[in-house]
Amino acid sequence: MTETTRTTARACAEGRAYAAAGAFSRRTMLKALGGTAVTLAATESVHTQVAMAAPGYTGDVLVVLSLRGGFDGLSAVVPGGDPNYYALRPTIGIPRSRLLQLDNSFGFHPALRPLLPLWQNGSLAVVHGVGSPEPTRSHFHAMAEMERAAPGTSTRTGWLDRTIGLRGTTSDDTFAAVQIGSSTAPQSLAGPAPELATNSLDSFRLLGPTAQKERTRWAACLDELHTTGPETIAVPGRAALAAAARIPGIAPASTTAGYPDSDLGRSLADVARLVKSGVGVQVATVDVGDWDMHDNLGKAGDGWMAEKLTDLSSAMVAFARDLGSRMSGVTMVTMSEFGRRANENGSGGLDHGHGNAMFVLGGGVNGGKVYGRWPGLAETQLVDGALAGTTDYRSVIGEVLSRRCGAGSLSSIFPGLAPVSALGLVRSR
């Protein structure tokens with residue numbers, strides 16, 4: 001018997017003893033494993049609790065891109081038809097001659113050129129003047145409230161967790177809700193519903209012996225260890241093992257879709273792999289940071305904003321190309337904790353603001369249109385120097401959930417959200 005096999009057998013035996021004694025916790029499990037390196041990669045996490053049994057989900061896969069740091073919707077979807085825009089941004093404003101004209105009022109930043117075909121074929125739309133009912137300019141507080149999405153209530157779960165929970169996902173639905181690109185799940189997934197968070201699919205693996213024969217024994221041992229003990233330990237353990245066993249069978253990322261060589265490109269490629277594999281993903285979240293542009297934002301042809309928008313648009317287009325006809329069952333939305341102030345500052349950047357723009361991409365989108373009530377940029381129309389939020393961001397998501405994702409009443413997902421007329425942003429399935 002090899003030392004690895006002896007250690008495995010000892011771990012199984014001691015693990016059963018701990019479980020029988022009712023003292024099974026993460027710490028005692030690791031102690032039972034004799035201090036050996038047998039766990040999922042330290043950068044990965046699985047959180048899951050037991051939920052009610054559920055029927056099969058038939059709605060869209062919802063992909064949420066969180067643009068962390070305060071995305072400036074006025075730089076991305078420029079109100080070139082509003083003369084106040086150029087008065088407020090004399091050096092960083094995008095000249096009207098450089099805009100990719102969308103209609104008489106708005107145009108894309110030149111770096112968003114890759115998105116034009118999606119706009120023209122009707123699968124991409126924009127909602128402008130989006131805001132939160134309780135605006136704040138604190139990154140931490142704004143992100144927490146945006147992802148909790150229950151202002152004025154004591155609700156502490158995240159809106160995506162509530163969405164998944166209403167579907168009654170089970171502990172076997174390992175891939176129902178995933179965060180790709182980070183081993184920490186966003187606060188929108190906080191709560192009792194199952195979730196999986198990983199830096200990448202290929203990094204999610206079982207650590208331990210390198211020989212396949214020993215790895216198989218190691219996995220079997222861990223599986224046995226997790227058949228007993230408290231559900232708070234056993235259920236996520238089994239989910240982690242199930243994910244580690246299934247991910248190697250998922251086809252590799254596309255080499256022809258044209259993803260940019262960036263964190264976002266790699267993350268969206270992984271999301272596409274999950275969608276194409278049919279493992280049952282319902283919600284996928286991806287964080288896109290570095291939007292906090294207080295200085296040196298740049299101009300139309302180059303600079304910080306141009307580089308970020310190039311990456312964003314290229315990754316979104318590659319994702320749609322990769323999925324092809326499967327985009328008919330996928331809806332992607334972008335969110336950010338707040339927009340930026342309307343006027344540029346002395347450092348060629350923008351300070352924290354309020355109103356913003358959201359992109360919505362998918363096969364069920366009524367695209368080629370800028371939705372929402374434009375609030376205007378005149379001094380009397382601004383809110384403390386920022387674009388007003390005339391459309392509650394929850395109503396945008398709510399329409400997607402209702403028409404594309406099979407949600408019934410939204411009151412449990414967005415408590416306190418007043419009924420509003422649908423924007424007509426998406427078609428019903």
# chains A, B, ... in the order shown; residues from 1 in each chain; ligands from 1
>>> select_by_dssp(residues="region 60-175 of chain A", states="alpha helix (DSSP H)", output="JSON, numbers by chain")
{"A": [73, 74, 75, 76, 83, 84, 85, 86, 87, 88, 116, 117, 118, 119, 120, 139, 140, 141, 142, 143, 144, 145, 146, 147, 148, 159, 160, 161, 162, 163, 164, 165, 166]}
>>> closest_atom_pairs(of="region 94-204 of chain A", to="region 362-374 of chain A", cutoff="12 Å", atoms="only C-alpha atoms", output="tab-separated table")
residue	atom	partner	partner_atom	distance
A:Gln101	CA	A:Gly368	CA	11.3
A:Leu102	CA	A:Lys369	CA	7.7
A:Asp103	CA	A:Lys369	CA	8.1
A:Asn104	CA	A:Val370	CA	10.8
A:Ser105	CA	A:Val370	CA	9.3
A:Phe106	CA	A:Val370	CA	8.0
A:Gly107	CA	A:Val370	CA	9.9
A:Phe108	CA	A:Val370	CA	11.0
A:Leu115	CA	A:Gly368	CA	10.7
A:Leu116	CA	A:Gly368	CA	9.2
A:Pro117	CA	A:Gly368	CA	9.7
A:Leu118	CA	A:Gly368	CA	8.1
A:Trp119	CA	A:Gly368	CA	4.7
A:Gln120	CA	A:Gly368	CA	5.8
A:Asn121	CA	A:Gly368	CA	7.3
A:Gly122	CA	A:Gly367	CA	3.9
A:Ser123	CA	A:Gly367	CA	4.9
A:Leu124	CA	A:Gly367	CA	4.5
A:Ala125	CA	A:Gly367	CA	4.3
A:Val126	CA	A:Val370	CA	4.8
A:Val127	CA	A:Tyr371	CA	4.5
A:His128	CA	A:Gly372	CA	5.6
A:Gly129	CA	A:Trp374	CA	5.9
A:Val130	CA	A:Gly372	CA	7.6
A:Gly131	CA	A:Gly372	CA	10.8
>>> write_last_selection(atoms="N, CA and C atoms", output="compact mmCIF listing (two decimals), in the first residue's frame")
# COMPACT_ATOMS: atom_id res chain seq x y z
N GLN A 101 -23.53 56.93 -34.79
CA GLN A 101 -24.89 57.42 -34.57
C GLN A 101 -25.91 56.29 -34.44
N LEU A 102 -26.70 56.35 -33.37
CA LEU A 102 -27.76 55.37 -33.13
C LEU A 102 -29.13 55.92 -33.51
N ASP A 103 -29.36 57.18 -33.20
CA ASP A 103 -30.59 57.88 -33.58
C ASP A 103 -30.28 59.37 -33.54
N ASN A 104 -31.30 60.21 -33.53
CA ASN A 104 -31.05 61.65 -33.56
C ASN A 104 -30.46 62.19 -32.27
N SER A 105 -30.55 61.40 -31.20
CA SER A 105 -30.11 61.89 -29.89
C SER A 105 -28.83 61.24 -29.38
N PHE A 106 -28.59 59.99 -29.74
CA PHE A 106 -27.50 59.23 -29.11
C PHE A 106 -26.58 58.59 -30.15
N GLY A 107 -25.34 58.39 -29.69
CA GLY A 107 -24.37 57.67 -30.50
C GLY A 107 -23.43 56.88 -29.62
N PHE A 108 -22.91 55.78 -30.12
CA PHE A 108 -21.92 55.00 -29.40
C PHE A 108 -20.56 55.69 -29.42
N LEU A 115 -20.00 46.55 -31.45
CA LEU A 115 -21.39 46.28 -31.08
C LEU A 115 -22.39 46.68 -32.16
N LEU A 116 -21.96 47.46 -33.13
CA LEU A 116 -22.91 47.97 -34.13
C LEU A 116 -23.70 46.87 -34.85
N PRO A 117 -23.07 45.75 -35.28
CA PRO A 117 -23.86 44.70 -35.93
C PRO A 117 -24.96 44.14 -35.03
N LEU A 118 -24.69 44.04 -33.74
CA LEU A 118 -25.70 43.54 -32.81
C LEU A 118 -26.83 44.55 -32.66
N TRP A 119 -26.48 45.82 -32.67
CA TRP A 119 -27.49 46.88 -32.63
C TRP A 119 -28.35 46.83 -33.90
N GLN A 120 -27.69 46.68 -35.01
CA GLN A 120 -28.39 46.70 -36.29
C GLN A 120 -29.26 45.47 -36.52
N ASN A 121 -28.86 44.32 -35.96
CA ASN A 121 -29.69 43.12 -36.15
C ASN A 121 -30.77 42.99 -35.07
N GLY A 122 -30.84 43.97 -34.17
CA GLY A 122 -31.94 44.00 -33.21
C GLY A 122 -31.75 43.15 -31.98
N SER A 123 -30.53 42.69 -31.69
CA SER A 123 -30.32 41.88 -30.50
C SER A 123 -29.70 42.67 -29.34
N LEU A 124 -29.41 43.94 -29.57
CA LEU A 124 -28.80 44.79 -28.53
C LEU A 124 -29.61 46.05 -28.35
N ALA A 125 -29.91 46.38 -27.09
CA ALA A 125 -30.62 47.61 -26.75
C ALA A 125 -29.90 48.31 -25.60
N VAL A 126 -30.25 49.57 -25.39
CA VAL A 126 -29.71 50.37 -24.29
C VAL A 126 -30.88 50.97 -23.51
N VAL A 127 -30.74 51.00 -22.21
CA VAL A 127 -31.67 51.77 -21.38
C VAL A 127 -30.85 52.88 -20.73
N HIS A 128 -31.22 54.14 -21.00
CA HIS A 128 -30.45 55.28 -20.48
C HIS A 128 -31.23 55.99 -19.38
N GLY A 129 -30.48 56.66 -18.51
CA GLY A 129 -31.10 57.34 -17.38
C GLY A 129 -31.57 56.37 -16.32
N VAL A 130 -30.82 55.27 -16.14
CA VAL A 130 -31.16 54.26 -15.15
C VAL A 130 -30.54 54.65 -13.81
N GLY A 131 -31.29 54.45 -12.74
CA GLY A 131 -30.77 54.80 -11.43
C GLY A 131 -31.34 53.94 -10.32
>>> select_by_dssp(residues="region 267-419 of chain A", states="strand (DSSP E or B)", output="list in words")
Val283, Ala284, Thr285, Val286, Asp287, Val288, Val330, Thr331, Met332, Val333, Thr334, Met335, Arg340, Arg341, His352, Asn356, Ala357, Met358, Phe359, Val360, Leu361, Gly362, Val365, Val370, Tyr371, Val383, Ala386, Thr391 and Asp392 of chain A
>>> residues_around(residues="Tyr85 (chain A)", least_positions_apart="2", cutoff="10 Å", atoms="only C-alpha atoms", output="list in words")
Leu74, Val78, Pro79, Gly80, Gly81, Asp82, Pro83, Ala87, Leu88, Arg89, Pro90, Gly93, Ile94, Ala342, Asn343, Gly376, Leu377 and Ala378 of chain A
>>> write_last_selection(atoms="N, CA and C atoms", output="CSV table (one decimal), in the first residue's frame")
chain,number,residue,atom,x,y,z
A,74,LEU,N,-22.6,58.0,-19.9
A,74,LEU,CA,-22.5,59.2,-20.8
A,74,LEU,C,-21.4,59.2,-21.8
A,78,VAL,N,-23.5,58.2,-25.9
A,78,VAL,CA,-23.3,59.7,-25.8
A,78,VAL,C,-24.5,60.4,-26.3
A,79,PRO,N,-25.1,61.4,-25.4
A,79,PRO,CA,-26.2,62.2,-25.8
A,79,PRO,C,-25.7,63.3,-26.7
A,80,GLY,N,-25.3,63.0,-27.9
A,80,GLY,CA,-24.7,64.0,-28.8
A,80,GLY,C,-25.7,65.0,-29.2
A,81,GLY,N,-27.0,64.7,-29.1
A,81,GLY,CA,-28.1,65.7,-29.5
A,81,GLY,C,-28.4,66.7,-28.4
A,82,ASP,N,-27.7,66.5,-27.2
A,82,ASP,CA,-28.0,67.5,-26.1
A,82,ASP,C,-26.8,68.4,-26.0
A,83,PRO,N,-26.9,69.7,-26.4
A,83,PRO,CA,-25.8,70.6,-26.4
A,83,PRO,C,-25.1,70.8,-25.1
A,87,ALA,N,-20.9,71.3,-23.4
A,87,ALA,CA,-20.6,72.4,-22.5
A,87,ALA,C,-20.0,71.8,-21.2
A,88,LEU,N,-20.5,70.6,-20.7
A,88,LEU,CA,-20.1,70.0,-19.5
A,88,LEU,C,-18.8,69.3,-19.6
A,89,ARG,N,-18.5,68.8,-20.9
A,89,ARG,CA,-17.3,68.0,-21.1
A,89,ARG,C,-16.5,68.6,-22.3
A,90,PRO,N,-15.9,69.8,-22.1
A,90,PRO,CA,-15.2,70.4,-23.2
A,90,PRO,C,-13.9,69.7,-23.7
A,93,GLY,N,-15.3,65.2,-23.9
A,93,GLY,CA,-16.5,64.9,-24.7
A,93,GLY,C,-16.2,64.3,-26.1
A,94,ILE,N,-17.0,63.3,-26.5
A,94,ILE,CA,-16.8,62.7,-27.8
A,94,ILE,C,-17.4,63.6,-28.9
A,342,ALA,N,-22.0,64.7,-14.5
A,342,ALA,CA,-22.1,65.1,-15.9
A,342,ALA,C,-20.9,66.0,-16.4
A,343,ASN,N,-20.3,66.7,-15.5
A,343,ASN,CA,-19.2,67.6,-15.9
A,343,ASN,C,-17.9,67.0,-15.5
A,376,GLY,N,-32.2,64.7,-19.5
A,376,GLY,CA,-31.6,65.9,-19.9
A,376,GLY,C,-30.4,66.3,-19.1
A,377,LEU,N,-29.6,67.2,-19.6
A,377,LEU,CA,-28.3,67.6,-18.9
A,377,LEU,C,-28.3,69.1,-18.6
A,378,ALA,N,-29.4,69.8,-18.7
A,378,ALA,CA,-29.4,71.2,-18.3
A,378,ALA,C,-29.2,71.2,-16.8
>>> residues_around(residues="region 293-305 of chain A", least_positions_apart="4", cutoff="10 Å", atoms="only C-alpha atoms", output="mmCIF file with N, CA and C atoms, in the first residue's frame")
data_model
loop_
_atom_site.group_PDB
_atom_site.id
_atom_site.type_symbol
_atom_site.label_atom_id
_atom_site.label_comp_id
_atom_site.auth_asym_id
_atom_site.auth_seq_id
_atom_site.Cartn_x
_atom_site.Cartn_y
_atom_site.Cartn_z
ATOM 1 N N GLY A 69 -17.035 49.919 -10.193
ATOM 2 C CA GLY A 69 -16.267 51.146 -10.050
ATOM 3 C C GLY A 69 -17.017 52.391 -10.471
ATOM 4 N N GLY A 70 -18.172 52.238 -11.086
ATOM 5 C CA GLY A 70 -18.942 53.393 -11.525
ATOM 6 C C GLY A 70 -18.754 53.659 -13.013
ATOM 7 N N PHE A 71 -19.460 52.893 -13.818
ATOM 8 C CA PHE A 71 -19.398 52.998 -15.277
ATOM 9 C C PHE A 71 -20.017 54.322 -15.738
ATOM 10 N N ASP A 72 -19.343 55.015 -16.650
ATOM 11 C CA ASP A 72 -19.885 56.277 -17.159
ATOM 12 C C ASP A 72 -20.693 56.037 -18.418
ATOM 13 N N SER A 75 -20.308 58.425 -21.426
ATOM 14 C CA SER A 75 -19.184 58.261 -22.354
ATOM 15 C C SER A 75 -19.439 57.136 -23.335
ATOM 16 N N ALA A 76 -20.202 56.129 -22.910
ATOM 17 C CA ALA A 76 -20.440 54.965 -23.756
ATOM 18 C C ALA A 76 -21.562 55.210 -24.753
ATOM 19 N N THR A 91 -13.285 68.911 -22.859
ATOM 20 C CA THR A 91 -12.054 68.253 -23.312
ATOM 21 C C THR A 91 -12.210 66.748 -23.491
ATOM 22 N N ILE A 92 -13.079 66.112 -22.727
ATOM 23 C CA ILE A 92 -13.215 64.657 -22.836
ATOM 24 C C ILE A 92 -14.492 64.236 -23.569
ATOM 25 N N GLY A 93 -15.329 65.179 -23.944
ATOM 26 C CA GLY A 93 -16.531 64.853 -24.694
ATOM 27 C C GLY A 93 -16.198 64.270 -26.064
ATOM 28 N N ILE A 94 -16.992 63.321 -26.531
ATOM 29 C CA ILE A 94 -16.758 62.696 -27.832
ATOM 30 C C ILE A 94 -17.381 63.577 -28.915
ATOM 31 N N PRO A 95 -16.588 64.121 -29.848
ATOM 32 C CA PRO A 95 -17.147 64.976 -30.899
ATOM 33 C C PRO A 95 -18.261 64.252 -31.652
ATOM 34 N N ARG A 98 -17.440 61.995 -34.429
ATOM 35 C CA ARG A 98 -16.801 60.709 -34.143
ATOM 36 C C ARG A 98 -17.791 59.673 -33.613
ATOM 37 N N LEU A 99 -18.999 60.096 -33.305
ATOM 38 C CA LEU A 99 -19.975 59.177 -32.739
ATOM 39 C C LEU A 99 -20.454 58.165 -33.780
ATOM 40 N N HIS A 109 -19.810 55.515 -28.349
ATOM 41 C CA HIS A 109 -18.390 55.844 -28.338
ATOM 42 C C HIS A 109 -17.725 55.048 -29.475
ATOM 43 N N PRO A 110 -16.736 55.624 -30.170
ATOM 44 C CA PRO A 110 -16.096 54.904 -31.282
ATOM 45 C C PRO A 110 -15.556 53.527 -30.910
ATOM 46 N N ALA A 111 -15.169 53.351 -29.632
ATOM 47 C CA ALA A 111 -14.617 52.064 -29.206
ATOM 48 C C ALA A 111 -15.671 50.965 -29.150
ATOM 49 N N LEU A 309 -13.763 50.163 -23.090
ATOM 50 C CA LEU A 309 -14.919 49.927 -23.951
ATOM 51 C C LEU A 309 -14.574 48.989 -25.103
ATOM 52 N N THR A 310 -13.346 49.046 -25.587
ATOM 53 C CA THR A 310 -12.920 48.111 -26.625
ATOM 54 C C THR A 310 -12.967 46.685 -26.104
ATOM 55 N N ASP A 311 -12.452 46.495 -24.902
ATOM 56 C CA ASP A 311 -12.475 45.162 -24.291
ATOM 57 C C ASP A 311 -13.913 44.688 -24.066
ATOM 58 N N ARG A 340 -21.442 58.553 -13.484
ATOM 59 C CA ARG A 340 -20.495 59.604 -13.115
ATOM 60 C C ARG A 340 -21.188 60.959 -13.209
ATOM 61 N N GLU A 344 -16.934 67.167 -16.455
ATOM 62 C CA GLU A 344 -15.587 66.678 -16.210
ATOM 63 C C GLU A 344 -14.932 67.468 -15.094
ATOM 64 N N ASN A 345 -13.968 66.839 -14.410
ATOM 65 C CA ASN A 345 -13.250 67.548 -13.354
ATOM 66 C C ASN A 345 -11.928 68.089 -13.885
ATOM 67 N N GLY A 346 -11.139 68.703 -13.020
ATOM 68 C CA GLY A 346 -9.892 69.324 -13.439
ATOM 69 C C GLY A 346 -8.800 68.353 -13.799
ATOM 70 N N SER A 347 -9.012 67.062 -13.564
ATOM 71 C CA SER A 347 -8.012 66.047 -13.862
ATOM 72 C C SER A 347 -8.340 65.253 -15.116
ATOM 73 N N GLY A 348 -9.283 65.768 -15.892
ATOM 74 C CA GLY A 348 -9.667 65.060 -17.100
ATOM 75 C C GLY A 348 -10.411 63.771 -16.834
ATOM 76 N N GLY A 349 -11.105 63.733 -15.709
ATOM 77 C CA GLY A 349 -11.886 62.560 -15.347
ATOM 78 C C GLY A 349 -13.262 62.949 -14.869
ATOM 79 N N LEU A 350 -13.915 62.025 -14.190
ATOM 80 C CA LEU A 350 -15.299 62.222 -13.754
ATOM 81 C C LEU A 350 -15.474 61.671 -12.349
ATOM 82 N N ASP A 351 -16.135 62.449 -11.508
ATOM 83 C CA ASP A 351 -16.384 61.996 -10.148
ATOM 84 C C ASP A 351 -17.700 61.222 -10.070
ATOM 85 N N HIS A 352 -17.971 60.664 -8.903
ATOM 86 C CA HIS A 352 -19.133 59.797 -8.728
ATOM 87 C C HIS A 352 -20.436 60.543 -8.998
#
>>> closest_residue(among="A:Trp218, A:Leu323, A:Gly237, A:Leu189", to="Ser277 (chain A)", atoms="only C-alpha atoms")
A:Leu323
>>> atom_distance(atom1="CA of Pro135 (chain A)", atom2="CA of Phe338 (chain A)")
7.9 Å
>>> residues_around(residues="Ala150 (chain A)", least_positions_apart="4", cutoff="7 Å", atoms="only C-alpha atoms", output="ChimeraX atom specification")
/A:155,414-416
>>> closest_residue(among="A:Leu160, A:Val286, A:Ser262, A:Leu166", to="Ala197 (chain A)", atoms="only C-alpha atoms")
A:Val286
>>> residues_around(residues="Leu417 (chain A)", least_positions_apart="5", cutoff="8 Å", atoms="only C-alpha atoms", output="compact mmCIF listing (two decimals) with N, CA and C atoms, in the first residue's frame")
# COMPACT_ATOMS: atom_id res chain seq x y z
N ARG A 394 -34.21 48.16 -11.27
CA ARG A 394 -34.92 46.92 -10.96
C ARG A 394 -36.06 46.66 -11.95
N SER A 395 -36.63 47.72 -12.49
CA SER A 395 -37.71 47.52 -13.46
C SER A 395 -37.17 46.98 -14.78
N SER A 411 -42.66 40.67 -6.57
CA SER A 411 -42.66 41.25 -5.22
C SER A 411 -41.69 40.54 -4.28
>>> atom_distance(atom1="CA of Met358 (chain A)", atom2="CA of Val178 (chain A)")
21.3 Å
>>> closest_residue(among="A:Ser313, A:Ser203, A:Thr334, A:Ser402", to="Ser428 (chain A)", atoms="only C-alpha atoms")
A:Ser402
